[in-house]
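File shown here: upload.txt, holding compact mmCIF, C-alpha atoms.
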```
# COMPACT_ATOMS: atom_id res chain seq x y z
CA ASN A 1 12.25 -17.26 -16.04
CA GLN A 2 11.78 -14.57 -18.63
CA VAL A 3 9.29 -11.81 -19.42
CA GLU A 4 8.65 -10.70 -22.97
CA TYR A 5 6.57 -7.81 -24.29
CA ARG A 6 5.49 -7.63 -27.94
CA TYR A 7 3.90 -4.53 -29.38
CA GLN A 8 1.46 -4.47 -32.29
CA TYR A 9 1.23 -1.51 -34.63
CA ARG A 10 -1.47 -0.64 -37.13
CA THR A 11 -0.20 -0.43 -40.69
CA GLN A 12 -0.96 2.97 -42.16
CA GLN A 13 0.21 4.34 -45.50
CA ASP A 14 1.42 7.93 -45.65
CA ASP A 15 1.74 10.24 -48.63
CA TRP A 16 5.53 9.96 -48.69
CA GLN A 17 5.61 6.12 -48.50
CA THR A 18 8.17 6.22 -45.69
CA THR A 19 8.93 3.31 -43.37
CA PRO A 20 7.50 3.96 -39.90
CA ASN A 21 9.81 4.03 -36.89
CA HIS A 22 8.35 1.80 -34.16
CA VAL A 23 8.86 3.44 -30.77
CA SER A 24 7.62 1.38 -27.83
CA PRO A 25 7.04 2.31 -24.17
CA VAL A 26 9.14 0.16 -21.84
CA PRO A 27 7.21 -1.66 -19.04
CA HIS A 28 8.30 -0.67 -15.54
CA LEU A 29 9.85 -4.06 -14.71
CA ALA A 30 12.06 -3.89 -17.78
CA VAL A 31 14.33 -1.38 -16.04
CA LEU A 32 15.77 -4.40 -14.20
CA ALA A 33 17.24 -5.55 -17.50
CA ASN A 34 19.53 -2.49 -17.67
CA ASP A 35 19.24 -2.62 -21.45
CA SER A 36 21.38 0.03 -23.13
CA ASN A 37 18.84 0.24 -25.96
CA PHE A 38 16.33 1.91 -23.64
CA GLN A 39 16.12 5.66 -24.00
CA THR A 40 14.59 8.27 -21.72
CA HIS A 41 12.86 11.58 -22.18
CA PRO A 42 12.11 13.96 -19.26
CA LEU A 43 8.44 14.46 -18.45
CA GLY A 44 8.93 17.10 -15.78
CA GLY A 45 9.87 16.89 -12.13
CA ASN A 46 11.65 13.64 -11.26
CA ASP A 47 9.78 11.55 -13.81
CA VAL A 48 10.96 10.31 -17.19
CA PHE A 49 9.43 8.42 -20.10
CA THR A 50 11.43 5.28 -20.95
CA PHE A 51 11.14 3.96 -24.49
CA MET A 52 12.93 1.82 -27.07
CA ASN A 53 13.13 1.48 -30.80
CA GLY A 54 11.55 -1.76 -31.94
CA LYS A 55 8.55 -4.00 -31.46
CA GLN A 56 9.57 -6.27 -28.59
CA THR A 57 11.75 -6.58 -25.53
CA SER A 58 12.50 -9.33 -23.03
CA TRP A 59 14.51 -9.70 -19.84
CA PRO A 60 15.26 -12.37 -17.20
CA THR A 61 13.20 -12.36 -14.01
CA ASP A 62 15.95 -13.69 -11.76
CA LYS A 63 16.89 -10.10 -10.88
CA ILE A 64 13.48 -9.39 -9.37
CA LYS A 65 13.67 -9.28 -5.59
CA LYS A 66 11.34 -11.71 -3.83
CA GLN A 67 9.89 -11.62 -0.34
CA PRO A 68 7.79 -13.95 1.86
CA MET A 69 4.12 -13.20 1.19
CA TYR A 70 2.17 -12.02 4.22
CA ARG A 71 -1.58 -11.65 3.73
CA GLY A 72 -3.69 -10.34 6.57
CA LEU A 73 -5.61 -7.39 7.92
CA ASN A 74 -5.45 -4.42 10.28
CA ASP A 75 -6.56 -4.78 13.89
CA ASP A 76 -5.92 -2.65 16.97
CA ALA A 77 -4.24 -3.60 20.20
CA LYS A 78 -7.41 -3.18 22.29
CA HIS A 79 -9.10 -5.93 20.26
CA LEU A 80 -6.09 -8.20 19.83
CA ILE A 81 -5.40 -8.26 23.57
CA LYS A 82 -8.56 -10.33 24.00
CA ASP A 83 -7.90 -14.04 24.30
CA GLY A 84 -8.94 -15.83 21.13
CA ARG A 85 -8.96 -12.79 18.84
CA ALA A 86 -5.63 -13.60 17.17
CA ALA A 87 -6.60 -17.27 16.92
CA HIS A 88 -9.81 -16.20 15.17
CA TRP A 89 -7.86 -14.50 12.38
CA ILE A 90 -5.67 -17.60 12.07
CA SER A 91 -8.82 -19.75 11.77
CA LEU A 92 -10.00 -17.56 8.86
CA GLY A 93 -6.66 -18.11 7.12
CA ALA A 94 -4.79 -14.84 7.77
CA ASN A 95 -1.09 -15.25 8.52
CA SER A 96 -0.37 -11.73 9.75
CA VAL A 97 -1.88 -8.58 11.23
CA ARG A 98 -0.94 -4.92 11.05
CA LEU A 99 -1.21 -4.14 14.76
CA CYS A 100 -2.41 -0.56 15.28
CA ILE A 101 -1.68 1.46 18.45
CA TYR A 102 -3.64 4.73 18.65
CA HIS A 103 -2.76 8.12 20.13
CA GLN A 104 -5.50 7.87 22.76
CA ASP A 105 -3.63 4.89 24.25
CA LYS A 106 -1.22 7.23 25.94
CA ASP A 107 2.24 6.43 27.24
CA GLN A 108 2.51 3.32 29.40
CA GLN A 109 -1.08 2.25 28.77
CA GLY A 110 -0.31 2.04 25.06
CA TYR A 111 2.87 0.06 25.61
CA ASP A 112 1.04 -2.34 27.93
CA LEU A 113 -1.72 -2.84 25.36
CA PHE A 114 0.90 -3.50 22.70
CA ASP A 115 2.72 -6.00 24.93
CA GLY A 116 -0.52 -7.84 25.70
CA ALA A 117 -1.58 -7.93 22.05
CA LEU A 118 1.83 -9.22 20.99
CA LYS A 119 1.57 -11.95 23.60
CA GLN A 120 -1.76 -13.14 22.17
CA CYS A 121 -0.45 -13.06 18.60
CA HIS A 122 2.69 -14.95 19.61
CA LYS A 123 0.56 -17.57 21.32
CA ALA A 124 -1.66 -18.02 18.26
CA GLY A 125 1.18 -17.98 15.73
CA LEU A 126 -0.06 -14.78 14.05
CA LYS A 127 2.72 -12.62 12.60
CA VAL A 128 2.70 -8.90 13.47
CA LEU A 129 3.57 -5.71 11.62
CA VAL A 130 3.93 -2.99 14.27
CA ASP A 131 2.00 0.19 13.41
CA PRO A 132 1.76 3.12 15.85
CA HIS A 133 -1.17 5.15 14.54
CA ASP A 134 0.05 8.58 15.69
CA PHE A 135 0.97 6.99 19.02
CA VAL A 136 3.12 9.29 21.27
CA TYR A 137 4.39 11.18 18.21
CA LYS A 138 1.90 14.04 17.81
CA THR A 139 1.98 15.87 14.52
CA THR A 140 0.57 19.00 12.99
CA ARG A 141 -1.79 19.13 10.03
CA LYS A 142 1.24 18.98 7.75
CA GLY A 143 2.64 15.90 9.44
CA LEU A 144 5.71 17.58 10.91
CA PRO A 145 6.75 17.63 14.60
CA THR A 146 4.88 20.15 16.73
CA ASN A 147 7.99 20.97 18.76
CA THR A 148 11.74 20.60 18.55
CA ASP A 149 12.05 17.45 20.67
CA ALA A 150 9.31 15.51 18.85
CA PRO A 151 11.75 13.59 16.59
CA GLN A 152 13.65 12.38 19.66
CA LYS A 153 10.38 11.30 21.31
CA PHE A 154 9.44 9.51 18.11
CA ALA A 155 12.79 7.70 18.04
CA ALA A 156 12.51 6.80 21.74
CA MET A 157 9.03 5.40 21.13
CA TRP A 158 10.38 3.13 18.39
CA GLU A 159 13.25 1.91 20.54
CA LYS A 160 10.77 0.95 23.26
CA LEU A 161 8.40 -0.78 20.80
CA ALA A 162 11.33 -2.72 19.33
CA THR A 163 12.48 -3.72 22.83
CA ILE A 164 9.03 -5.12 23.64
CA SER A 165 8.89 -6.87 20.25
CA LYS A 166 12.18 -8.69 20.92
CA GLN A 167 10.50 -10.50 23.82
CA TYR A 168 8.43 -12.45 21.28
CA PRO A 169 10.96 -13.92 18.83
CA GLY A 170 9.66 -14.84 15.40
CA THR A 171 6.40 -12.91 15.79
CA VAL A 172 7.20 -9.40 14.52
CA ILE A 173 7.75 -9.24 10.74
CA GLY A 174 8.35 -5.50 10.53
CA TYR A 175 8.12 -1.99 11.95
CA ASP A 176 5.78 0.35 10.03
CA LEU A 177 7.34 3.75 10.73
CA TYR A 178 4.36 6.04 10.20
CA ASN A 179 0.76 5.55 9.19
CA GLU A 180 -0.10 8.28 6.65
CA LEU A 181 2.25 11.21 6.15
CA ARG A 182 0.32 14.46 5.82
CA LEU A 183 2.94 15.85 3.52
CA MET A 184 2.72 16.97 -0.08
CA THR A 185 4.27 14.65 -2.66
CA HIS A 186 7.41 16.79 -3.04
CA GLU A 187 8.08 17.07 0.74
CA TRP A 188 9.84 13.72 1.27
CA ASP A 189 13.06 15.44 2.37
CA LYS A 190 11.22 16.92 5.38
CA TRP A 191 10.38 13.44 6.59
CA ALA A 192 13.51 11.45 5.69
CA PRO A 193 15.75 12.71 8.56
CA ILE A 194 13.07 11.80 11.13
CA ALA A 195 12.67 8.37 9.55
CA GLU A 196 16.44 7.82 9.65
CA LEU A 197 16.49 8.78 13.34
CA ALA A 198 13.75 6.25 14.11
CA ILE A 199 15.50 3.52 12.12
CA ALA A 200 18.72 4.11 14.03
CA SER A 201 16.83 3.71 17.32
CA ILE A 202 15.22 0.46 16.16
CA ARG A 203 18.57 -0.91 15.01
CA LYS A 204 20.03 -0.40 18.48
CA VAL A 205 17.70 -3.17 19.60
CA ASP A 206 16.86 -5.15 16.45
CA THR A 207 19.30 -5.36 13.55
CA ALA A 208 17.43 -7.89 11.42
CA THR A 209 13.68 -7.17 11.24
CA PRO A 210 12.59 -5.20 8.15
CA ILE A 211 11.55 -1.58 8.37
CA TYR A 212 8.33 -0.64 6.54
CA ALA A 213 8.34 2.92 5.23
CA GLY A 214 5.39 4.71 3.63
CA CYS A 215 5.48 7.56 1.14
CA THR A 216 4.18 11.12 1.25
CA ASP A 217 0.73 12.24 0.04
CA MET A 218 -1.14 10.34 2.80
CA SER A 219 0.54 7.09 1.65
CA ASN A 220 -1.21 7.20 -1.73
CA ALA A 221 0.93 5.66 -4.47
CA THR A 222 1.34 9.14 -5.99
CA GLY A 223 3.76 9.88 -3.15
CA TYR A 224 6.32 7.70 -4.95
CA HIS A 225 6.82 10.34 -7.61
CA ALA A 226 9.26 11.99 -5.17
CA THR A 227 10.18 9.28 -2.62
CA LYS A 228 13.87 8.41 -2.23
CA LEU A 229 15.61 5.38 -0.81
CA LEU A 230 16.37 5.36 2.90
CA SER A 231 19.88 4.40 4.02
CA ASP A 232 18.93 1.05 5.61
CA PRO A 233 19.06 -1.72 2.97
CA ASN A 234 16.39 -3.77 4.76
CA VAL A 235 13.41 -1.48 4.05
CA ILE A 236 10.10 -2.56 2.53
CA TYR A 237 8.31 0.42 0.98
CA SER A 238 4.62 0.80 1.70
CA PHE A 239 1.53 2.51 0.27
CA HIS A 240 -2.23 2.55 0.89
CA HIS A 241 -4.70 1.79 -1.87
CA TYR A 242 -8.24 3.21 -1.92
CA ALA A 243 -8.49 4.34 -5.54
CA MET A 244 -10.99 5.51 -6.53
CA HIS A 245 -11.85 7.12 -3.21
CA SER A 246 -15.27 8.10 -4.56
CA PHE A 247 -16.03 4.36 -4.70
CA THR A 248 -14.19 3.02 -1.64
CA HIS A 249 -15.23 6.01 0.52
CA GLN A 250 -18.54 6.79 -1.16
CA ASN A 251 -21.01 8.97 0.74
CA ILE A 252 -18.37 9.60 3.42
CA PHE A 253 -19.43 13.27 3.62
CA ARG A 254 -23.17 12.54 3.88
CA HIS A 255 -24.89 11.73 7.14
CA LYS A 256 -28.05 9.98 5.98
CA PRO A 257 -28.68 7.97 3.99
CA LYS A 258 -25.26 6.42 3.48
CA GLU A 259 -26.25 4.23 0.56
CA ALA A 260 -24.05 3.27 -2.35
CA PHE A 261 -24.71 4.58 -5.78
CA VAL A 262 -21.23 4.35 -7.29
CA PHE A 263 -20.34 0.95 -8.69
CA TYR A 264 -17.27 -0.91 -9.92
CA PRO A 265 -16.37 -1.35 -12.70
CA GLY A 266 -18.05 1.80 -13.90
CA TRP A 267 -18.02 5.53 -14.40
CA THR A 268 -16.71 7.23 -11.28
CA PRO A 269 -16.39 10.92 -10.32
CA LEU A 270 -13.33 12.36 -8.62
CA ILE A 271 -13.87 13.02 -4.90
CA ASP A 272 -13.35 16.62 -3.77
CA TRP A 273 -11.71 16.42 -0.34
CA GLY A 274 -11.38 20.18 0.00
CA ALA A 275 -15.07 20.83 -0.58
CA LYS A 276 -16.02 17.62 1.26
CA GLN A 277 -18.04 16.56 -1.71
CA THR A 278 -18.18 13.05 -3.09
CA TYR A 279 -20.24 13.83 -6.15
CA GLY A 280 -20.32 17.22 -7.78
CA ASP A 281 -19.21 18.78 -11.00
CA ALA A 282 -16.20 16.49 -11.45
CA GLU A 283 -15.91 14.66 -14.74
CA LEU A 284 -16.68 10.94 -14.77
CA LEU A 285 -13.76 8.56 -15.27
CA TRP A 286 -14.06 4.92 -16.33
CA TRP A 287 -12.66 2.73 -13.56
CA ASP A 288 -11.72 -0.95 -13.89
CA ARG A 289 -8.83 -3.29 -13.08
CA TRP A 290 -6.61 -1.63 -15.71
CA SER A 291 -7.11 1.89 -14.41
CA MET A 292 -6.66 0.52 -10.87
CA ALA A 293 -3.25 -0.85 -11.83
CA ALA A 294 -2.37 2.46 -13.46
CA SER A 295 -3.23 4.29 -10.22
CA VAL A 296 -0.42 2.49 -8.33
CA TYR A 297 2.08 2.78 -11.19
CA PRO A 298 4.34 5.28 -9.34
CA ALA A 299 4.86 2.71 -6.57
CA LEU A 300 5.44 -0.14 -9.04
CA LYS A 301 7.97 1.89 -10.98
CA PHE A 302 9.79 2.92 -7.78
CA ALA A 303 10.03 -0.75 -6.76
CA ALA A 304 11.35 -1.81 -10.16
CA ARG A 305 13.80 1.06 -10.52
CA HIS A 306 15.39 0.37 -7.11
CA ASN A 307 14.63 -3.38 -6.92
CA VAL A 308 12.94 -3.14 -3.52
CA ASN A 309 9.96 -4.96 -2.02
CA MET A 310 6.55 -3.35 -1.61
CA HIS A 311 3.67 -3.53 0.87
CA CYS A 312 0.07 -2.35 0.80
CA GLY A 313 -0.80 -1.43 4.38
CA GLU A 314 -4.47 -0.59 3.80
CA PHE A 315 -7.10 -1.23 1.14
CA ALA A 316 -10.85 -1.94 1.25
CA PRO A 317 -14.26 -0.54 0.31
CA VAL A 318 -16.42 1.07 3.00
CA GLY A 319 -18.83 -1.24 4.81
CA TRP A 320 -22.05 0.68 4.22
CA SER A 321 -21.79 -0.08 0.51
CA LYS A 322 -23.09 -3.60 1.19
CA PRO A 323 -26.87 -3.01 0.85
CA ARG A 324 -26.59 -1.99 -2.80
CA ALA A 325 -23.02 -2.45 -3.99
CA ALA A 326 -21.78 -5.58 -2.23
CA GLU A 327 -20.93 -7.31 -5.50
CA ALA A 328 -19.14 -4.20 -6.77
CA SER A 329 -17.10 -4.09 -3.54
CA MET A 330 -16.26 -7.76 -4.02
CA LEU A 331 -15.05 -7.17 -7.59
CA TRP A 332 -12.96 -4.17 -6.52
CA THR A 333 -11.33 -6.25 -3.75
CA ILE A 334 -10.63 -9.17 -6.08
CA ASP A 335 -8.89 -6.86 -8.56
CA ALA A 336 -6.86 -5.23 -5.77
CA MET A 337 -5.72 -8.59 -4.39
CA ASP A 338 -4.80 -9.78 -7.91
CA LEU A 339 -2.76 -6.62 -8.40
CA PHE A 340 -0.76 -7.35 -5.24
CA GLU A 341 -0.43 -11.09 -5.81
CA GLN A 342 0.92 -10.70 -9.34
CA ARG A 343 3.64 -8.35 -8.10
CA ASN A 344 4.66 -10.07 -4.83
CA ILE A 345 3.28 -7.20 -2.73
CA VAL A 346 2.54 -8.02 0.93
CA TRP A 347 -0.95 -6.79 1.88
CA HIS A 348 -3.14 -6.03 4.89
CA LEU A 349 -6.85 -5.32 4.46
CA TRP A 350 -8.31 -2.35 6.34
CA ASN A 351 -11.13 -3.74 8.45
CA LYS A 352 -12.40 -0.92 10.67
CA GLY A 353 -15.87 -0.28 9.21
CA PHE A 354 -14.50 -1.52 5.89
CA GLY A 355 -13.47 -4.83 4.37
CA LEU A 356 -14.78 -7.97 6.06
CA THR A 357 -17.96 -6.22 7.19
CA ILE A 358 -19.18 -6.94 3.64
CA ASP A 359 -20.02 -10.65 3.44
CA GLN A 360 -19.10 -11.05 -0.23
CA VAL A 361 -15.73 -9.38 0.38
CA LYS A 362 -15.10 -11.57 3.42
CA ASP A 363 -15.77 -14.72 1.39
CA LYS A 364 -13.22 -13.78 -1.27
CA VAL A 365 -10.54 -12.51 1.10
CA THR A 366 -10.70 -15.54 3.38
CA ASP A 367 -10.62 -17.81 0.32
CA VAL A 368 -7.33 -16.19 -0.76
CA TRP A 369 -5.97 -16.49 2.77
CA GLN A 370 -6.85 -20.16 3.03
CA THR A 371 -5.59 -21.17 -0.41
CA ARG A 372 -2.41 -19.08 -0.60
CA ASN A 373 -1.12 -18.64 2.95
CA GLN A 374 0.93 -21.81 2.87
CA PRO A 375 4.10 -22.25 4.94
CA TYR A 376 6.92 -20.22 3.43
CA GLN A 377 10.67 -20.42 3.51
CA LEU A 378 12.98 -17.44 3.82
```

What's the structure tokens form of this structure?
Amino acid sequence: NQVEYRYQYRTQQDDWQTTPNHVSPVPHLAVLANDSNFQTHPLGGNDVFTFMNGKQTSWPTDKIKKQPMYRGLNDDAKHLIKDGRAAHWISLGANSVRLCIYHQDKDQQGYDLFDGALKQCHKAGLKVLVDPHDFVYKTTRKGLPTNTDAPQKFAAMWEKLATISKQYPGTVIGYDLYNELRLMTHEWDKWAPIAELAIASIRKVDTATPIYAGCTDMSNATGYHATKLLSDPNVIYSFHHYAMHSFTHQNIFRHKPKEAFVFYPGWTPLIDWGAKQTYGDAELLWWDRWSMAASVYPALKFAARHNVNMHCGEFAPVGWSKPRAAEASMLWTIDAMDLFEQRNIVWHLWNKGFGLTIDQVKDKVTDVWQTRNQPYQL
């Protein structure tokens, strides 16, 4: 019921024989303690460094917000509409699916596919997170509406999806507002009014089901440097996790051969998306479970500061890494799942050319599903 951090300092004599002042960084969850001894120093932008004087701190964990743990994967409506598909995921141990509807499934065809997929999931007992992947709502490169009535169309789409969802009580666990916002980190305020409009439309039909809201910066955790709370209190905040991209997306810019030669843990270069270059002149960074956790720190701090629940909507290594780096992909996936499990973060594996296509990854993911997806109580 309590978390305690103790800091160790190296004893070092100085020429003046003064007593050192022990200044300690405060862990992100400690902000829940609201300890008046914590001090802050601005780091620039919206970020601050929180510290304390002393060698240890502790706080009760009863203030930490809990949520039912859903563990599953992404699948699209065209696949899930097939009889037996949802039951197959249940047989592997998954308890939920992030159900993707794509922009090519236009208008009524897309709604019909969604309805049919929901029916199969409801029949199998597979929970659903609704995710329109750029469905109906067409955006520009920057992720903003292409015309003045696009926000209204987006809101109308969500009202219709929520109306269909209500026909299958107990199946839908949430509405994932938007897949990956093509907005810079600091552009949250351009998106928030559209998100609020969509939430209002959903709430006309469904007042209870959680809203899942991603951040800017293509849903990378870095988007949480500038994300703000939405007005609805029943929002679960979401991010996608592929760090380091030069491992999870390795050789994505090469046609042949697409063979892995970046491994985890190990030295990893930064990917250059602008130059479409996976390996170039970038410096090598050491990447392991500790640096992985650091990469999602903005999301963890946002959750702790506002005491909200989190969700990872996508994570996985690319499938063509399996001939040479299957074990490395397995280790990366294990560390990612541990990161989410330790922090009560709902997660859905990305499985389109990624994830379960690697046998070693599939073995570990399904093992977690089967051992941890026990019946839950709200």

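The coordinates place CA of Trp188 in chain A at 16.7 Å from CA of His306 in chain A.
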
Which residues, written as a PyMOL selection string, have at least one atom at most 9 Å from range 81-86 of chain A, with all atoms listed in the file counted and residues fewer than 6 positions away on the same chain left out?
chain A and resi 97+113-126

Saved selection, atoms kept: C-alpha atoms, as a PDB file, keeping the file's coordinate frame:
```pdb
ATOM      1  CA  VAL A  97      -1.880  -8.580  11.230  1.00  0.00           C
ATOM      2  CA  LEU A 113      -1.720  -2.840  25.360  1.00  0.00           C
ATOM      3  CA  PHE A 114       0.900  -3.500  22.700  1.00  0.00           C
ATOM      4  CA  ASP A 115       2.720  -6.000  24.930  1.00  0.00           C
ATOM      5  CA  GLY A 116      -0.520  -7.840  25.700  1.00  0.00           C
ATOM      6  CA  ALA A 117      -1.580  -7.930  22.050  1.00  0.00           C
ATOM      7  CA  LEU A 118       1.830  -9.220  20.990  1.00  0.00           C
ATOM      8  CA  LYS A 119       1.570 -11.950  23.600  1.00  0.00           C
ATOM      9  CA  GLN A 120      -1.760 -13.140  22.170  1.00  0.00           C
ATOM     10  CA  CYS A 121      -0.450 -13.060  18.600  1.00  0.00           C
ATOM     11  CA  HIS A 122       2.690 -14.950  19.610  1.00  0.00           C
ATOM     12  CA  LYS A 123       0.560 -17.570  21.320  1.00  0.00           C
ATOM     13  CA  ALA A 124      -1.660 -18.020  18.260  1.00  0.00           C
ATOM     14  CA  GLY A 125       1.180 -17.980  15.730  1.00  0.00           C
ATOM     15  CA  LEU A 126      -0.060 -14.780  14.050  1.00  0.00           C
TER      16      LEU A 126
END
```

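Our summary of the geometry notes that CA of Ser329 in chain A is positioned 12.4 Å from CA of His245 in chain A.
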
Which residue, A:Thr248, A:Gln342, A:Phe302, A:Val365, has the smallest gap to Trp89 in chain A when you use all atoms listed in the file?
A:Val365

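All residues that come within 9 Å of the coordinates (20.9, -4.1, 9.1), counting all atoms listed in the file, are given as Arg203, Asp206, Thr207, Ala208, Thr209, Pro210, Asp232, Pro233 and Asn234 of chain A.
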
Distance query range 330-333 of chain A at most 7 Å, all atoms listed in the file, self and fewer than 5 positions along chain excluded, as a list in words:
Tyr264, Ala316, Gln360 and Val361 of chain A

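Residue nearest Asn351 in chain A, chosen from A:Ser58, A:Asn74, A:Ser201, A:Asn309 and counting all atoms listed in the file: A:Asn74.
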
Just want the 7 Å neighbourhood of range 153-168 of chain A, counted on all atoms listed in the file, with same-chain residues fewer than 2 positions away dropped. Output as a PDB file with C-alpha atoms, in the coordinates of the input.
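The resulting file, around_34.pdb, is reproduced below:
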```
ATOM      1  CA  ASP A 115       2.720  -6.000  24.930  1.00  0.00           C
ATOM      2  CA  HIS A 122       2.690 -14.950  19.610  1.00  0.00           C
ATOM      3  CA  TYR A 137       4.390  11.180  18.210  1.00  0.00           C
ATOM      4  CA  ASP A 149      12.050  17.450  20.670  1.00  0.00           C
ATOM      5  CA  ALA A 150       9.310  15.510  18.850  1.00  0.00           C
ATOM      6  CA  PRO A 151      11.750  13.590  16.590  1.00  0.00           C
ATOM      7  CA  GLY A 170       9.660 -14.840  15.400  1.00  0.00           C
ATOM      8  CA  THR A 171       6.400 -12.910  15.790  1.00  0.00           C
ATOM      9  CA  VAL A 172       7.200  -9.400  14.520  1.00  0.00           C
ATOM     10  CA  LEU A 197      16.490   8.780  13.340  1.00  0.00           C
ATOM     11  CA  ALA A 198      13.750   6.250  14.110  1.00  0.00           C
ATOM     12  CA  SER A 201      16.830   3.710  17.320  1.00  0.00           C
ATOM     13  CA  ILE A 202      15.220   0.460  16.160  1.00  0.00           C
ATOM     14  CA  VAL A 205      17.700  -3.170  19.600  1.00  0.00           C
ATOM     15  CA  ASP A 206      16.860  -5.150  16.450  1.00  0.00           C
TER      16      ASP A 206
END
```
